[in-house]
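Next comes entry15.pdb, a file with PDB, C-alpha atoms.
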MODEL        1
ATOM      1  CA  MET O1103       0.000   0.000   0.000
ATOM      2  CA  LYS O1104       1.363   3.369  -1.027
ATOM      3  CA  ASN O1105       1.430   5.948   1.760
ATOM      4  CA  ASN O1106       0.755   9.261   0.074
ATOM      5  CA  LEU O1107      -0.425  11.093   3.172
ATOM      6  CA  ALA O1108       1.294  14.045   4.818
ATOM      7  CA  VAL O1109       0.334  15.801   8.023
ATOM      8  CA  LEU O1110       0.063  19.590   8.099
ATOM      9  CA  LEU O1111       0.511  21.095  11.567
ATOM     10  CA  ILE O1112      -0.928  24.585  11.266
ATOM     11  CA  ASP O1113      -0.191  27.559  13.545
ATOM     12  CA  MET O1114       0.420  25.751  16.827
ATOM     13  CA  GLN O1115       2.327  28.808  18.008
ATOM     14  CA  ASN O1116       2.385  30.584  21.347
ATOM     15  CA  GLY O1117       0.926  33.704  19.764
ATOM     16  CA  PHE O1118      -2.259  31.801  18.895
ATOM     17  CA  LEU O1119      -2.491  29.704  22.051
ATOM     18  CA  GLN O1120      -2.284  32.476  24.632
ATOM     19  CA  GLY O1121      -5.576  33.349  26.273
ATOM     20  CA  ARG O1122      -7.288  30.083  25.314
ATOM     21  CA  ARG O1123      -9.086  27.719  27.674
ATOM     22  CA  ASN O1124      -6.471  25.368  29.119
ATOM     23  CA  ASP O1125      -8.704  22.281  29.040
ATOM     24  CA  VAL O1126      -9.448  22.714  25.336
ATOM     25  CA  ILE O1127      -5.814  23.435  24.470
ATOM     26  CA  GLU O1128      -4.599  20.443  26.501
ATOM     27  CA  ASP O1129      -6.970  18.073  24.680
ATOM     28  CA  LEU O1130      -5.971  19.446  21.279
ATOM     29  CA  ILE O1131      -2.265  19.169  22.055
ATOM     30  CA  ALA O1132      -2.662  15.640  23.460
ATOM     31  CA  ASN O1133      -4.320  14.505  20.214
ATOM     32  CA  GLN O1134      -1.640  16.202  18.137
ATOM     33  CA  LYS O1135       1.126  14.601  20.213
ATOM     34  CA  SER O1136      -0.365  11.152  19.570
ATOM     35  CA  LEU O1137      -0.514  11.894  15.867
ATOM     36  CA  LEU O1138       3.078  13.168  15.752
ATOM     37  CA  GLN O1139       4.369  10.141  17.672
ATOM     38  CA  TYR O1140       2.750   7.900  15.083
ATOM     39  CA  CYS O1141       4.301   9.988  12.295
ATOM     40  CA  ALA O1142       7.745   9.569  13.867
ATOM     41  CA  GLU O1143       7.321   5.804  14.251
ATOM     42  CA  HIS O1144       5.999   5.267  10.706
ATOM     43  CA  ASP O1145       7.798   7.978   8.733
ATOM     44  CA  TRP O1146       4.724   9.959   7.797
ATOM     45  CA  PRO O1147       5.968  13.362   6.644
ATOM     46  CA  VAL O1148       4.975  16.450   8.611
ATOM     47  CA  ALA O1149       4.894  20.007   7.305
ATOM     48  CA  ILE O1150       4.540  22.831   9.804
ATOM     49  CA  THR O1151       3.113  26.162   8.785
ATOM     50  CA  LEU O1152       3.859  29.183  10.939
ATOM     51  CA  PHE O1153       2.052  32.496  10.717
ATOM     52  CA  ALA O1154       4.674  35.246  10.518
ATOM     53  CA  ASN O1155       5.313  37.118  13.791
ATOM     54  CA  GLN O1156       3.399  34.668  16.020
ATOM     55  CA  GLY O1157       6.393  32.777  17.373
ATOM     56  CA  PHE O1158       7.540  29.210  16.938
ATOM     57  CA  THR O1159       5.712  25.896  17.200
ATOM     58  CA  ILE O1160       5.215  25.123  20.878
ATOM     59  CA  PRO O1161       8.181  23.106  22.211
ATOM     60  CA  GLU O1162       6.252  19.963  23.192
ATOM     61  CA  LEU O1163       5.072  19.543  19.591
ATOM     62  CA  GLN O1164       8.320  20.693  17.973
ATOM     63  CA  THR O1165      10.252  18.075  19.955
ATOM     64  CA  LEU O1166       8.043  15.351  18.463
ATOM     65  CA  VAL O1167       8.203  16.819  14.954
ATOM     66  CA  ASN O1168      12.004  16.743  15.176
ATOM     67  CA  GLN O1169      11.759  12.954  15.608
ATOM     68  CA  VAL O1170       9.879  12.567  12.306
ATOM     69  CA  PRO O1171      12.362  11.581   9.572
ATOM     70  CA  ARG O1172      10.689  13.779   6.941
ATOM     71  CA  HIS O1173       9.615  17.164   8.251
ATOM     72  CA  ASN O1174       9.927  20.787   7.296
ATOM     73  CA  GLN O1175       8.470  24.128   8.315
ATOM     74  CA  PHE O1176       7.190  27.046   6.306
ATOM     75  CA  ILE O1177       6.531  30.627   7.347
ATOM     76  CA  LYS O1178       3.448  32.093   5.715
ATOM     77  CA  PRO O1179       2.438  35.750   5.443
ATOM     78  CA  GLY O1180      -1.328  35.090   5.559
ATOM     79  CA  ARG O1181      -3.917  32.469   6.414
ATOM     80  CA  ASN O1182      -3.241  30.085   3.527
ATOM     81  CA  GLY O1183      -0.146  27.953   4.137
ATOM     82  CA  PHE O1184       0.347  27.633   0.388
ATOM     83  CA  GLU O1185       1.123  31.342   0.181
ATOM     84  CA  ASN O1186       4.617  29.995   0.809
ATOM     85  CA  TYR O1187       5.096  28.165  -2.513
ATOM     86  CA  LYS O1188       7.794  25.964  -0.987
ATOM     87  CA  LEU O1189       5.097  24.060   0.923
ATOM     88  CA  ARG O1190       3.606  22.798  -2.353
ATOM     89  CA  GLU O1191       7.055  21.868  -3.640
ATOM     90  CA  GLN O1192       7.819  19.934  -0.448
ATOM     91  CA  LEU O1193       4.547  17.997  -0.594
ATOM     92  CA  GLU O1194       5.213  17.117  -4.234
ATOM     93  CA  SER O1195       8.697  15.845  -3.366
ATOM     94  CA  TRP O1196       7.152  13.630  -0.674
ATOM     95  CA  GLY O1197       4.545  12.353  -3.155
ATOM     96  CA  SER O1198       1.734  13.574  -0.904
ATOM     97  CA  GLU O1199      -1.726  13.461  -2.431
ATOM     98  CA  HIS O1200      -3.733  13.450   0.802
ATOM     99  CA  LEU O1201      -3.321  15.873   3.689
ATOM    100  CA  LEU O1202      -4.321  15.333   7.287
ATOM    101  CA  LEU O1203      -4.882  18.802   8.741
ATOM    102  CA  THR O1204      -4.245  19.561  12.388
ATOM    103  CA  GLY O1205      -3.946  22.946  14.004
ATOM    104  CA  ILE O1206      -5.651  25.803  15.744
ATOM    105  CA  ASP O1207      -8.725  27.711  14.588
ATOM    106  CA  ALA O1208     -10.266  25.501  11.930
ATOM    107  CA  TYR O1209     -12.354  28.399  10.590
ATOM    108  CA  ALA O1210      -9.293  30.490   9.722
ATOM    109  CA  CYS O1211      -5.862  29.243   8.640
ATOM    110  CA  VAL O1212      -6.692  25.529   8.706
ATOM    111  CA  ASN O1213      -9.677  26.131   6.446
ATOM    112  CA  ALA O1214      -7.820  28.514   4.108
ATOM    113  CA  THR O1215      -4.951  26.043   3.684
ATOM    114  CA  GLY O1216      -7.272  23.083   3.191
ATOM    115  CA  LYS O1217      -9.470  24.951   0.731
ATOM    116  CA  HIS O1218      -6.454  25.855  -1.407
ATOM    117  CA  ALA O1219      -5.231  22.244  -1.279
ATOM    118  CA  VAL O1220      -8.598  20.976  -2.537
ATOM    119  CA  ASP O1221      -9.637  23.705  -4.971
ATOM    120  CA  THR O1222      -6.304  24.628  -6.516
ATOM    121  CA  LEU O1223      -3.958  21.688  -5.979
ATOM    122  CA  LYS O1224      -6.658  18.984  -6.238
ATOM    123  CA  LEU O1225      -5.423  17.186  -3.118
ATOM    124  CA  LYS O1226      -7.557  15.139  -0.736
ATOM    125  CA  VAL O1227      -7.966  16.579   2.751
ATOM    126  CA  SER O1228      -9.056  14.977   6.040
ATOM    127  CA  SER O1229      -9.202  16.104   9.633
ATOM    128  CA  SER O1230     -11.362  15.836  12.723
ATOM    129  CA  TRP O1231     -12.851  18.358  15.114
ATOM    130  CA  ASP O1232     -10.402  17.360  17.827
ATOM    131  CA  LEU O1233      -7.342  17.637  15.557
ATOM    132  CA  ALA O1234      -8.233  21.009  14.038
ATOM    133  CA  ASN O1235     -10.115  22.702  16.793
ATOM    134  CA  VAL O1236     -12.292  25.762  16.551
ATOM    135  CA  MET O1237     -11.353  28.113  19.332
ATOM    136  CA  ASP O1238     -11.757  31.810  19.688
ATOM    137  CA  ARG O1239     -10.334  32.955  22.986
ATOM    138  CA  GLY O1240     -12.308  30.572  25.148
ATOM    139  CA  TRP O1241     -15.336  29.479  23.125
ATOM    140  CA  GLN O1242     -16.007  26.874  20.488
ATOM    141  CA  SER O1243     -18.420  27.170  17.604
ATOM    142  CA  SER O1244     -19.660  25.095  14.729
ATOM    143  CA  CYS O1245     -18.279  27.618  12.216
ATOM    144  CA  GLY O1246     -15.001  25.790  11.674
ATOM    145  CA  PHE O1247     -16.740  22.436  11.572
ATOM    146  CA  ASP O1248     -19.051  23.678   8.841
ATOM    147  CA  CYS O1249     -16.163  25.240   6.904
ATOM    148  CA  LEU O1250     -13.930  22.184   7.001
ATOM    149  CA  LYS O1251     -16.586  19.544   6.439
ATOM    150  CA  GLN O1252     -17.276  21.187   3.074
ATOM    151  CA  ILE O1253     -13.737  20.546   1.820
ATOM    152  CA  CYS O1254     -12.670  17.396   3.688
ATOM    153  CA  ILE O1255     -13.455  13.943   2.378
ATOM    154  CA  HIS O1256     -13.554  12.931   6.065
ATOM    155  CA  TYR O1257     -14.183  15.378   8.916
ATOM    156  CA  PRO O1258     -16.005  13.824  11.854
ATOM    157  CA  LYS O1259     -16.351  15.658  15.141
ATOM    158  CA  THR O1260     -14.004  13.167  16.799
ATOM    159  CA  TYR O1261     -11.459  10.719  15.572
ATOM    160  CA  SER O1262     -13.504   8.019  17.316
ATOM    161  CA  GLU O1263     -16.243   8.612  14.728
ATOM    162  CA  LEU O1264     -13.742   7.809  12.022
ATOM    163  CA  LEU O1265     -12.694   4.771  14.030
ATOM    164  CA  ASP O1266     -16.254   3.479  13.758
ATOM    165  CA  ARG O1267     -15.488   2.808  10.103
ATOM    166  CA  CYS O1268     -12.792   0.317  11.097
ATOM    167  CA  GLU O1269     -13.504  -3.179  12.275
ATOM    168  CA  ASN O1270     -12.150  -3.786  15.796
ATOM    169  CA  ALA O1271     -10.786  -0.243  15.982
ATOM    170  CA  GLU O1272      -8.988   0.396  19.244
ATOM    171  CA  GLY O1273      -7.287   3.696  19.890
ATOM    172  CA  TYR O1274      -5.576   6.387  17.945
ATOM    173  CA  GLN O1275      -3.314   4.126  15.887
ATOM    174  CA  SER O1276      -6.371   2.512  14.344
ATOM    175  CA  LEU O1277      -7.520   5.927  13.195
ATOM    176  CA  LEU O1278      -4.215   6.526  11.513
ATOM    177  CA  LYS O1279      -4.340   3.119   9.843
ATOM    178  CA  ALA O1280      -7.851   3.939   8.660
ATOM    179  CA  ILE O1281      -6.667   7.222   7.199
ATOM    180  CA  ALA O1282      -3.746   5.458   5.518
ATOM    181  CA  ASN O1283      -6.210   3.041   3.920
ATOM    182  CA  ILE O1284      -8.465   5.889   2.829
ATOM    183  CA  SER O1285      -5.542   7.872   1.406
ATOM    184  CA  SER O1286      -4.439   4.963  -0.769
ATOM    185  CA  ILE O1287      -7.848   4.502  -2.388
ATOM    186  CA  ASP O1288      -8.026   5.980  -5.878
TER     187      ASP O1288
ENDMDL
END
Would you write out, as structure tokens, the structure that this file holds?
Amino acid sequence: MKNNLAVLLIDMQNGFLQGRRNDVIEDLIANQKSLLQYCAEHDWPVAITLFANQGFTIPELQTLVNQVPRHNQFIKPGRNGFENYKLREQLESWGSEHLLLTGIDAYACVNATGKHAVDTLKLKVSSSWDLANVMDRGWQSSCGFDCLKQICIHYPKTYSELLDRCENAEGYQSLLKAIANISSID
């Protein structure tokens, strides 16, 4: 089975995380850490996008990204990560045809990046509510869910909903296996 999936970690920077509800941030980061650990163990490439002037990726995620054999980061001037053309070039060099989006504020930069990937680059995009959270300084809304579910081929509220598609699915690794299977389907 060809693995043509890459993970995009979008804007997990201190500048965007400050002032957010700790419980929501902790859950989001815990899910992202699980995902990045799997990427490191199975050589799934990870591209980080950073919004200019918002700081670096938070250290607990950057440490895990550094363990992934194929990773790179890209500074972007606006919401769409592909405004840095080197992101597209990197994904092409990895052979990535399917993106798993994870990051902060699904209604903003995650959505803009995913929309460009689908509409312009004709890539497949997946995510889940708890990997690309919708947070606006302490509240959650369905806005980001509605935005992303329009462009994603799979965007359940939780990764456990995606797990329901897998027989005998147990835990986060099953989700990732499910996504790998989905990404290899033509």
Quick one: residues within 10 Å of His1144 (chain O), only C-alpha atoms, excluding same-chain residues fewer than 6 positions away - as a ChimeraX atom specification? /O:1138,1170-1171
Which polymer residues have any atom within 12 Å of an atom of Ile1150 (chain O), counting only C-alpha atoms, with same-chain residues fewer than 3 positions away left out, as a PyMOL selection string? chain O and resi 1108-1115+1138+1147+1153+1158-1160+1163-1164+1166-1168+1170+1172-1178+1183-1184+1186+1188-1189+1192-1193+1202-1205+1212+1215
For CA of Val1126 (chain O) and CA of Gly1157 (chain O), the interatomic separation in Å (one decimal): 20.4 Å
What is the CA of Glu1185 (chain O)-CA of Gly1216 (chain O) distance in Å, reported with one decimal?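 If I compute the distance from CA of Glu1185 (chain O) to CA of Gly1216 (chain O), I get 12.2 Å.
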Output, as lines of an AutoDock Vina configuration file, the centre and edge lengths in Å (one decimal) of the axis-aligned box that contains all listed atoms of region 1171-1175 of chain O with 8 Å of margin on each side.
center_x = 10.4
center_y = 17.9
center_z = 8.3
size_x = 19.9
size_y = 28.5
size_z = 18.6
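Note that CA of Gln1120 (chain O) and CA of Ser1230 (chain O) are 22.4 Å apart.
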Mind telling me what the PyMOL selection byres ((chain O and resi 1233) around 9) catches here, as a list in words? Leu1130, Ile1131, Asn1133, Gln1134, Leu1137, Leu1203, Thr1204, Gly1205, Ile1206, Ser1229, Ser1230, Trp1231, Asp1232, Ala1234, Asn1235, Thr1260 and Tyr1261 of chain O
Write the residues of the selection above to a file with C-alpha atoms, as an mmCIF file, in the coordinates of the input.
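Output file result.cif is given in full below:
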data_model
loop_
_atom_site.group_PDB
_atom_site.id
_atom_site.type_symbol
_atom_site.label_atom_id
_atom_site.label_comp_id
_atom_site.auth_asym_id
_atom_site.auth_seq_id
_atom_site.Cartn_x
_atom_site.Cartn_y
_atom_site.Cartn_z
ATOM 1 C CA LEU O 1130 -5.971 19.446 21.279
ATOM 2 C CA ILE O 1131 -2.265 19.169 22.055
ATOM 3 C CA ASN O 1133 -4.320 14.505 20.214
ATOM 4 C CA GLN O 1134 -1.640 16.202 18.137
ATOM 5 C CA LEU O 1137 -0.514 11.894 15.867
ATOM 6 C CA LEU O 1203 -4.882 18.802 8.741
ATOM 7 C CA THR O 1204 -4.245 19.561 12.388
ATOM 8 C CA GLY O 1205 -3.946 22.946 14.004
ATOM 9 C CA ILE O 1206 -5.651 25.803 15.744
ATOM 10 C CA SER O 1229 -9.202 16.104 9.633
ATOM 11 C CA SER O 1230 -11.362 15.836 12.723
ATOM 12 C CA TRP O 1231 -12.851 18.358 15.114
ATOM 13 C CA ASP O 1232 -10.402 17.360 17.827
ATOM 14 C CA ALA O 1234 -8.233 21.009 14.038
ATOM 15 C CA ASN O 1235 -10.115 22.702 16.793
ATOM 16 C CA THR O 1260 -14.004 13.167 16.799
ATOM 17 C CA TYR O 1261 -11.459 10.719 15.572
#
